Amino acid sequence: MPCIEARGLRKAFGTTIALDGVNLRVEEGRILGLIGPNGAGKTTALNAILGLTPFQGELRVLGRNPWTERDLLMRDVCFIADVAVLPRWIRVSQLIDYVAGVHPRFDRAKTDGFLAKTTIRRTSKVRELSKGMVAQLHLALVMAIDARLLVLDEPTLGLDILYRKQFYDSLLNDYFDRSRTIVVTTHQVEEVQHVLTDVMFIDRGRVVFSCSMDDFESRFREVMVHPEKLAAARALKPMHERQVLGRSTLLFDGVVRSQLAALGDVRTPSIADLFVAVLGDKPGNQAGPAQGAAR
Amino acid sequence: MNTMNTQSNAMPEPSDSQTKDSQINESQVIAPALFTATRPFYWALRRELWENRSIYIAPLAFAALILFGFMISTIHLPDKMRAASALDPMKQHEMIEQPYDFAELLLMGTYLIVAVFYCLDALHGERRDRSILFWKSLPVSDVTTVLSKASIPLLLLPLLTWAITVATQWIMLLLSSAVLLGSGQSVATLWRNLPLFQMWMGLLYHLLFVHGFYFAPVYGWLMLVSGWARRMPFLWAGLPMLAIGFVEKIAFNTSYFASMLGSRLAGGEDAGALSAPGHAMDPLTVFSLAKFLISPGMLIGLAVFAAFLAAAIRLRRYQGPI
């Protein structure tokens, strides 16, 4: 059974179409990065998966319809939607008591262990913690829940680089065990690249690109082409071309490495490079695409 | 290429994953229905008390104020009691009971004010501070959440107000007795004129059935508005009532809506019999209580309350942060 399966997933807010027939299938044990410009429909897609919004089309999460079976689903699914959604008035100790009280799969010892590595005090209120500490606290709670699917929507937005790195390191080292599934959206694409097993680009409510990271590394090559070889390189039909320090850098899909080595310096592109290649040249996307609100 | 296909991960130890799966299934089966029903409700209720400390701080603060004022007034108590002994029994009773009634009324008023503000914020606050995204990430259903919130003005506040009133009046009585004994007077007149037990039983019924159950549609309406309004739930709760009243007046020159609202807030016709302080629990009172509980006003009110709550639950399903 796939963890998430969607066929023809649609969602419209008035005349704005947030999801325009999304098909996706995520097997258990994967870490999927959902990448897209603002307003692309990422949050809407996640909200549909989490049963926070009704939808059209077919969607199954762990075999259940997330909208009609949400109460049952939430025992197996956990999510961090946005940073700083923990109630500001609550004490750290109260928060842990509460989650331990309502969640049958919560392991308090794990939260305690994780918090011991931070400077968060039990007696503090959430409002007294820094933004980074709130994210740490939320992660400490979520990681102690034995969920089958964890959804993270911009979990590190606005945090400094140290917290961000620590966040994903903890996730990968202390939480992910290859049987759980994680779906994450973020704008800091470079930082999650090494974490992901799969990547998916979403734009204007459609999935425009998807592949596993294994495929990604074998398929795509970026070449900083010697000026005299430019015509030869262009003949190989690059999917994108850009200028870096005055030299043309071309991105190829499925061209053998040996063939490219003669043209210039070859390297594996980052997800961000590919993202720009796939989405950057579309009309209306150059100047920071923002089409409709996704919420 | 709209399809995403991730290869299922080859598990190094398939037997291990099977054990894990069967454990999960087992725990799902074994997880007692009781856990899913009562535990989340209990914790949801605790959450309300953590978040809205005014629920108990406000009545406690007023009780402390009452006691403080009463303590000062006991300076004159020996003189007052001497004067009271000369009055006829009716006046004497009134005079002695007055501060106790006053304490009761003040705490009752506190309850109503706290209840109104609590209801208006109940489903609005969590959307305003975005924490609804956190609450919804846990296995606590909208039904549990809304019912736990509704039980605060309906059950918890009346019971709490009753307990605090009882304690306050008890302390007042002990304080007066101590002062009287200290000045060498008898406490017999004082105790004889304060049928505290009957007062407390009457108060319990009044708080629970009039301010709790009979007012329930009011609380339900306020909660519904707090779950619906994006801004200023206070205005949205009040203005439509005014508007309906005015439109009715202009269109038909009647004021049924206003009088209906007024009678609801006054506690209905039958409530009067129960509200008199110091009412003895004679068979007549029990009879009128039963009559009050199955009166159309009460039953229709509870039905409307249930409808408002159902709407609020449904609304919360759709609502995200504001």
# chains A, B, ... in the order shown; residues from 1 in each chain; ligands from 1
$ select_by_dssp --residues "stretch 108-197 of chain B" --states "alpha helix (DSSP H)" --output "PyMOL selection string"
chain B and resi 108-122+125-128+132-135+142-151+157-182+188-192+196-197
$ write_last_selection --atoms "C-alpha atoms" --output "tab-separated table (two decimals), in the first residue's frame"
chain	number	residue	atom	x	y	z
B	108	MET	CA	-22.79	34.92	39.88
B	109	GLY	CA	-22.13	38.07	37.86
B	110	THR	CA	-18.46	37.14	37.61
B	111	TYR	CA	-19.46	33.74	36.25
B	112	LEU	CA	-21.63	35.29	33.54
B	113	ILE	CA	-19.01	37.82	32.46
B	114	VAL	CA	-16.27	35.20	32.39
B	115	ALA	CA	-18.55	32.83	30.46
B	116	VAL	CA	-19.40	35.42	27.80
B	117	PHE	CA	-15.80	36.41	27.20
B	118	TYR	CA	-14.65	32.81	27.31
B	119	CYS	CA	-17.19	31.75	24.68
B	120	LEU	CA	-16.35	34.65	22.39
B	121	ASP	CA	-12.68	33.69	22.44
B	122	ALA	CA	-13.08	29.92	22.57
B	125	GLY	CA	-8.19	32.66	19.86
B	126	GLU	CA	-6.72	29.44	18.49
B	127	ARG	CA	-7.26	30.65	14.93
B	128	ARG	CA	-5.89	34.10	15.68
B	132	ILE	CA	-5.12	25.61	15.64
B	133	LEU	CA	-2.55	24.10	13.26
B	134	PHE	CA	-0.88	22.50	16.25
B	135	TRP	CA	-4.08	21.34	17.96
B	142	ASP	CA	-13.23	18.64	16.47
B	143	VAL	CA	-16.15	17.13	18.37
B	144	THR	CA	-14.02	16.56	21.46
B	145	THR	CA	-12.50	20.02	21.24
B	146	VAL	CA	-15.77	21.90	20.82
B	147	LEU	CA	-17.59	19.84	23.45
B	148	SER	CA	-14.80	20.37	25.95
B	149	LYS	CA	-15.02	24.10	25.33
B	150	ALA	CA	-18.81	24.10	25.62
B	151	SER	CA	-18.67	22.26	28.93
B	157	LEU	CA	-18.17	27.44	35.62
B	158	PRO	CA	-21.46	26.93	37.53
B	159	LEU	CA	-19.96	24.18	39.67
B	160	LEU	CA	-16.81	26.18	40.31
B	161	THR	CA	-18.79	29.32	41.10
B	162	TRP	CA	-20.92	27.31	43.48
B	163	ALA	CA	-17.90	25.84	45.27
B	164	ILE	CA	-16.24	29.24	45.60
B	165	THR	CA	-19.48	30.86	46.83
B	166	VAL	CA	-19.97	28.11	49.41
B	167	ALA	CA	-16.41	28.52	50.64
B	168	THR	CA	-16.72	32.31	50.75
B	169	GLN	CA	-19.99	32.27	52.68
B	170	TRP	CA	-18.62	29.67	55.04
B	171	ILE	CA	-15.58	31.77	55.79
B	172	MET	CA	-17.83	34.83	56.24
B	173	LEU	CA	-19.90	32.94	58.78
B	174	LEU	CA	-16.86	31.69	60.67
B	175	LEU	CA	-15.37	35.16	60.67
B	176	SER	CA	-18.53	36.75	62.04
B	177	SER	CA	-18.89	34.04	64.63
B	178	ALA	CA	-15.34	34.57	65.80
B	179	VAL	CA	-15.88	38.32	66.07
B	180	LEU	CA	-19.18	37.90	67.94
B	181	LEU	CA	-17.72	35.36	70.33
B	182	GLY	CA	-14.76	37.65	70.87
B	188	ALA	CA	-27.37	31.91	67.93
B	189	THR	CA	-29.20	34.78	66.18
B	190	LEU	CA	-26.65	34.81	63.40
B	191	TRP	CA	-26.75	31.08	62.73
B	192	ARG	CA	-30.50	30.85	63.06
B	196	LEU	CA	-26.88	28.12	54.64
B	197	PHE	CA	-27.55	24.58	53.57
$ closest_atom_pairs --of "chain A" --to "chain B" --cutoff "9 Å" --atoms "only C-alpha atoms" --output "Markdown table"
| residue | atom | partner | partner_atom | distance |
| --- | --- | --- | --- | --- |
| A:Pro2 | CA | B:Ser8 | CA | 8.5 |
| A:Arg7 | CA | B:Thr3 | CA | 8.9 |
| A:Gly21 | CA | B:Asn2 | CA | 8.7 |
| A:Val22 | CA | B:Asn2 | CA | 6.8 |
| A:Asn23 | CA | B:Thr3 | CA | 5.3 |
| A:Leu24 | CA | B:Met4 | CA | 4.8 |
| A:Arg25 | CA | B:Met4 | CA | 5.4 |
| A:Val26 | CA | B:Thr6 | CA | 5.9 |
| A:Glu27 | CA | B:Ser8 | CA | 5.5 |
| A:Glu28 | CA | B:Ser8 | CA | 6.7 |
| A:Gly29 | CA | B:Asn9 | CA | 6.3 |
| A:Arg30 | CA | B:Asn9 | CA | 7.4 |
| A:Leu50 | CA | B:Ser137 | CA | 8.5 |
| A:Gly51 | CA | B:Arg317 | CA | 8.9 |
| A:Leu52 | CA | B:Tyr318 | CA | 6.8 |
| A:Thr53 | CA | B:Tyr318 | CA | 6.2 |
| A:Pro54 | CA | B:Tyr318 | CA | 7.8 |
| A:Arg70 | CA | B:Ser141 | CA | 8.3 |
| A:Asp71 | CA | B:Ser141 | CA | 5.6 |
| A:Leu72 | CA | B:Pro139 | CA | 7.5 |
| A:Leu73 | CA | B:Pro139 | CA | 8.1 |
| A:Met74 | CA | B:Pro139 | CA | 5.0 |
| A:Arg75 | CA | B:Pro139 | CA | 5.5 |
| A:Asp76 | CA | B:Pro139 | CA | 8.8 |
| A:Val77 | CA | B:Ser137 | CA | 7.9 |
| A:Cys78 | CA | B:Ser137 | CA | 5.8 |
| A:Phe79 | CA | B:Ser137 | CA | 5.8 |
| A:Ile80 | CA | B:Phe134 | CA | 7.3 |
| A:Ala81 | CA | B:Leu133 | CA | 6.4 |
| A:Asp82 | CA | B:Leu133 | CA | 8.4 |
| A:Ala84 | CA | B:Ser131 | CA | 8.2 |
| A:Val85 | CA | B:Ser131 | CA | 4.7 |
| A:Leu86 | CA | B:Ser131 | CA | 5.4 |
| A:Pro87 | CA | B:Ser131 | CA | 5.0 |
| A:Arg88 | CA | B:Asp129 | CA | 8.0 |
| A:Trp89 | CA | B:Glu51 | CA | 6.6 |
| A:Ile90 | CA | B:Glu51 | CA | 7.1 |
| A:Arg91 | CA | B:Trp50 | CA | 9.0 |
| A:Gln94 | CA | B:Trp50 | CA | 8.3 |
| A:Asp97 | CA | B:Trp43 | CA | 8.7 |
| A:Tyr98 | CA | B:Trp43 | CA | 6.2 |
| A:Val99 | CA | B:Leu138 | CA | 7.6 |
| A:Gly101 | CA | B:Trp43 | CA | 6.3 |
| A:Val102 | CA | B:Pro40 | CA | 4.9 |
| A:His103 | CA | B:Pro139 | CA | 6.4 |
| A:Pro104 | CA | B:Ala31 | CA | 8.0 |
| A:Arg178 | CA | B:Asn9 | CA | 7.6 |
| A:Ser179 | CA | B:Ser17 | CA | 7.5 |
| A:Thr197 | CA | B:Thr6 | CA | 8.6 |
| A:Asp198 | CA | B:Thr6 | CA | 7.1 |
| A:Met200 | CA | B:Met4 | CA | 7.7 |
| A:Arg206 | CA | B:Asn2 | CA | 7.4 |
| A:Val207 | CA | B:Asn2 | CA | 5.2 |
| A:Val208 | CA | B:Asn2 | CA | 6.4 |
| A:Phe209 | CA | B:Met1 | CA | 6.7 |
| A:Ser210 | CA | B:Met4 | CA | 5.8 |
| A:Cys211 | CA | B:Met4 | CA | 6.9 |
| A:Ser212 | CA | B:Thr6 | CA | 6.4 |
$ residues_around --residues "B:Gly212" --least-positions-apart "4" --cutoff "7 Å" --atoms "only C-alpha atoms" --output "PDB file with C-alpha atoms, in the first residue's frame"
ATOM      1  CA  PRO B 153     -19.715  27.683  30.646  1.00  0.00           C
ATOM      2  CA  LEU B 154     -22.314  24.922  30.885  1.00  0.00           C
ATOM      3  CA  LEU B 155     -20.928  22.769  33.688  1.00  0.00           C
ATOM      4  CA  PRO B 158     -21.463  26.928  37.527  1.00  0.00           C
ATOM      5  CA  LEU B 207     -26.384  28.206  38.783  1.00  0.00           C
ATOM      6  CA  LEU B 208     -26.553  24.865  37.030  1.00  0.00           C
ATOM      7  CA  ALA B 216     -26.982  27.352  26.971  1.00  0.00           C
TER       8      ALA B 216
END
$ atom_distance --atom1 "atom CA of A:Ala40" --atom2 "atom CA of A:Leu251"
23.7 Å
$ atom_distance --atom1 "atom CA of B:Phe308" --atom2 "atom CA of B:Leu265"
17.4 Å
$ closest_residue --among "A:Ile202, A:Leu274, A:Leu230, A:Ala235" --to "A:Ile35" --atoms "only C-alpha atoms"
A:Ile202
$ select_by_dssp --residues "stretch 218-263 of chain A" --states "strand (DSSP E or B)" --output "JSON, numbers by chain"
{"A": [220, 221, 222, 223, 224, 225, 240, 241, 242, 243, 244, 247, 248, 249, 250, 251, 252, 253]}
$ write_last_selection --atoms "N, CA and C atoms" --output "compact mmCIF listing (two decimals), in the first residue's frame"
# COMPACT_ATOMS: atom_id res chain seq x y z
N PHE A 220 21.02 13.96 -14.53
CA PHE A 220 21.29 15.37 -14.84
C PHE A 220 22.76 15.74 -14.68
N ARG A 221 23.25 16.49 -15.63
CA ARG A 221 24.64 16.97 -15.62
C ARG A 221 24.65 18.45 -15.97
N GLU A 222 25.51 19.16 -15.28
CA GLU A 222 25.67 20.56 -15.62
C GLU A 222 27.10 20.78 -16.11
N VAL A 223 27.24 21.46 -17.18
CA VAL A 223 28.57 21.64 -17.77
C VAL A 223 28.87 23.13 -17.93
N MET A 224 30.02 23.53 -17.41
CA MET A 224 30.49 24.88 -17.65
C MET A 224 31.32 24.80 -18.93
N VAL A 225 30.72 25.24 -20.01
CA VAL A 225 31.26 24.93 -21.34
C VAL A 225 32.39 25.90 -21.72
N HIS A 240 18.59 23.76 -20.38
CA HIS A 240 18.65 25.11 -19.85
C HIS A 240 20.04 25.66 -20.03
N GLU A 241 20.10 26.97 -20.19
CA GLU A 241 21.41 27.59 -20.33
C GLU A 241 21.45 28.86 -19.50
N ARG A 242 22.55 29.05 -18.76
CA ARG A 242 22.65 30.29 -17.99
C ARG A 242 24.10 30.74 -17.98
N GLN A 243 24.32 31.96 -17.56
CA GLN A 243 25.66 32.52 -17.53
C GLN A 243 26.18 32.52 -16.10
N VAL A 244 27.36 31.91 -15.91
CA VAL A 244 27.99 31.97 -14.59
C VAL A 244 29.38 32.53 -14.78
N ARG A 247 30.71 32.68 -18.22
CA ARG A 247 30.76 31.47 -19.05
C ARG A 247 29.39 30.81 -19.09
N SER A 248 29.08 30.19 -20.20
CA SER A 248 27.79 29.53 -20.35
C SER A 248 27.80 28.21 -19.59
N THR A 249 26.75 28.03 -18.80
CA THR A 249 26.59 26.79 -18.07
C THR A 249 25.33 26.13 -18.59
N LEU A 250 25.48 24.91 -19.09
CA LEU A 250 24.36 24.22 -19.72
C LEU A 250 23.96 23.01 -18.90
N LEU A 251 22.64 22.81 -18.84
CA LEU A 251 22.12 21.69 -18.06
C LEU A 251 21.58 20.64 -19.02
N PHE A 252 22.05 19.41 -18.83
CA PHE A 252 21.64 18.33 -19.74
C PHE A 252 20.86 17.26 -18.98
N ASP A 253 19.93 16.67 -19.71
CA ASP A 253 19.16 15.57 -19.13
C ASP A 253 19.48 14.31 -19.93
$ closest_residue --among "A:Glu5, A:Phe275, A:Tyr168, A:Leu95" --to "A:Arg64" --atoms "only C-alpha atoms"
A:Glu5
$ residues_around --residues "A:Ile120" --least-positions-apart "5" --cutoff "9 Å" --atoms "only C-alpha atoms" --output "PyMOL selection string"
chain A and resi 92+115+129+133-134+136-137
$ write_last_selection --atoms "N, CA and C atoms" --output "PDB file, in the first residue's frame"
ATOM      1  N   VAL A  92       6.290  24.642  28.634  1.00  0.00           N
ATOM      2  CA  VAL A  92       6.895  23.475  27.986  1.00  0.00           C
ATOM      3  C   VAL A  92       6.404  22.193  28.652  1.00  0.00           C
ATOM      4  N   LEU A 115      15.218  17.187  24.349  1.00  0.00           N
ATOM      5  CA  LEU A 115      15.252  18.503  25.006  1.00  0.00           C
ATOM      6  C   LEU A 115      16.497  18.666  25.865  1.00  0.00           C
ATOM      7  N   LEU A 129      10.471  31.623  24.525  1.00  0.00           N
ATOM      8  CA  LEU A 129      11.512  30.950  23.758  1.00  0.00           C
ATOM      9  C   LEU A 129      11.783  31.704  22.459  1.00  0.00           C
ATOM     10  N   MET A 133      14.223  27.972  19.172  1.00  0.00           N
ATOM     11  CA  MET A 133      13.914  27.051  20.265  1.00  0.00           C
ATOM     12  C   MET A 133      12.503  26.480  20.124  1.00  0.00           C
ATOM     13  N   VAL A 134      11.572  27.302  19.642  1.00  0.00           N
ATOM     14  CA  VAL A 134      10.203  26.814  19.433  1.00  0.00           C
ATOM     15  C   VAL A 134      10.211  25.699  18.391  1.00  0.00           C
ATOM     16  N   GLN A 136      12.748  23.763  17.732  1.00  0.00           N
ATOM     17  CA  GLN A 136      13.359  22.600  18.385  1.00  0.00           C
ATOM     18  C   GLN A 136      12.340  21.865  19.249  1.00  0.00           C
ATOM     19  N   LEU A 137      11.563  22.642  19.984  1.00  0.00           N
ATOM     20  CA  LEU A 137      10.567  22.055  20.880  1.00  0.00           C
ATOM     21  C   LEU A 137       9.521  21.284  20.084  1.00  0.00           C
TER      22      LEU A 137
END
$ atom_distance --atom1 "atom CA of A:Val151" --atom2 "atom CA of A:Val189"
16.2 Å
$ residues_around --residues "A:Tyr163" --least-positions-apart "6" --cutoff "10 Å" --atoms "only C-alpha atoms" --output "list in words"
Lys131, Gly132, Met133, Ala135, Gln136, Thr156 and Asp169 of chain A
$ residues_around --residues "A:Leu236" --least-positions-apart "3" --cutoff "9 Å" --atoms "only C-alpha atoms" --output "PyMOL selection string"
chain A and resi 232-233+252+255
$ closest_residue --among "B:Pro89, B:Gly220, B:Pro78, B:Gly267" --to "B:Gln185" --atoms "only C-alpha atoms"
B:Pro78
$ decode --residues "stretch 190-206 of chain B" --atoms "N, CA and C atoms" --output "compact mmCIF listing (two decimals), in the first residue's frame"
# COMPACT_ATOMS: atom_id res chain seq x y z
N LEU B 190 -27.32 34.83 64.70
CA LEU B 190 -26.65 34.81 63.40
C LEU B 190 -26.91 33.50 62.68
N TRP B 191 -26.64 32.39 63.38
CA TRP B 191 -26.75 31.08 62.73
C TRP B 191 -28.20 30.74 62.40
N ARG B 192 -29.10 31.18 63.28
CA ARG B 192 -30.50 30.85 63.06
C ARG B 192 -31.02 31.54 61.80
N ASN B 193 -30.50 32.73 61.51
CA ASN B 193 -31.00 33.50 60.37
C ASN B 193 -30.30 33.16 59.06
N LEU B 194 -29.35 32.24 59.12
CA LEU B 194 -28.65 31.88 57.89
C LEU B 194 -28.85 30.40 57.59
N PRO B 195 -29.91 30.07 56.87
CA PRO B 195 -30.12 28.67 56.50
C PRO B 195 -29.18 28.29 55.36
N LEU B 196 -27.88 28.23 55.69
CA LEU B 196 -26.88 28.12 54.64
C LEU B 196 -27.07 26.90 53.75
N PHE B 197 -27.42 25.79 54.38
CA PHE B 197 -27.55 24.58 53.57
C PHE B 197 -28.61 24.75 52.49
N GLN B 198 -29.75 25.30 52.89
CA GLN B 198 -30.81 25.51 51.90
C GLN B 198 -30.38 26.54 50.86
N MET B 199 -29.69 27.58 51.33
CA MET B 199 -29.20 28.59 50.38
C MET B 199 -28.29 27.95 49.34
N TRP B 200 -27.42 27.06 49.84
CA TRP B 200 -26.45 26.46 48.92
C TRP B 200 -27.12 25.52 47.93
N MET B 201 -28.11 24.76 48.41
CA MET B 201 -28.81 23.87 47.47
C MET B 201 -29.54 24.70 46.41
N GLY B 202 -30.21 25.75 46.88
CA GLY B 202 -30.92 26.62 45.93
C GLY B 202 -29.96 27.24 44.93
N LEU B 203 -28.80 27.65 45.42
CA LEU B 203 -27.81 28.27 44.55
C LEU B 203 -27.30 27.29 43.51
N LEU B 204 -27.06 26.06 43.95
CA LEU B 204 -26.55 25.05 43.01
C LEU B 204 -27.53 24.86 41.86
N TYR B 205 -28.80 24.72 42.20
CA TYR B 205 -29.80 24.53 41.16
C TYR B 205 -29.87 25.76 40.26
N HIS B 206 -29.83 26.91 40.89
CA HIS B 206 -29.94 28.14 40.12
C HIS B 206 -28.77 28.27 39.14
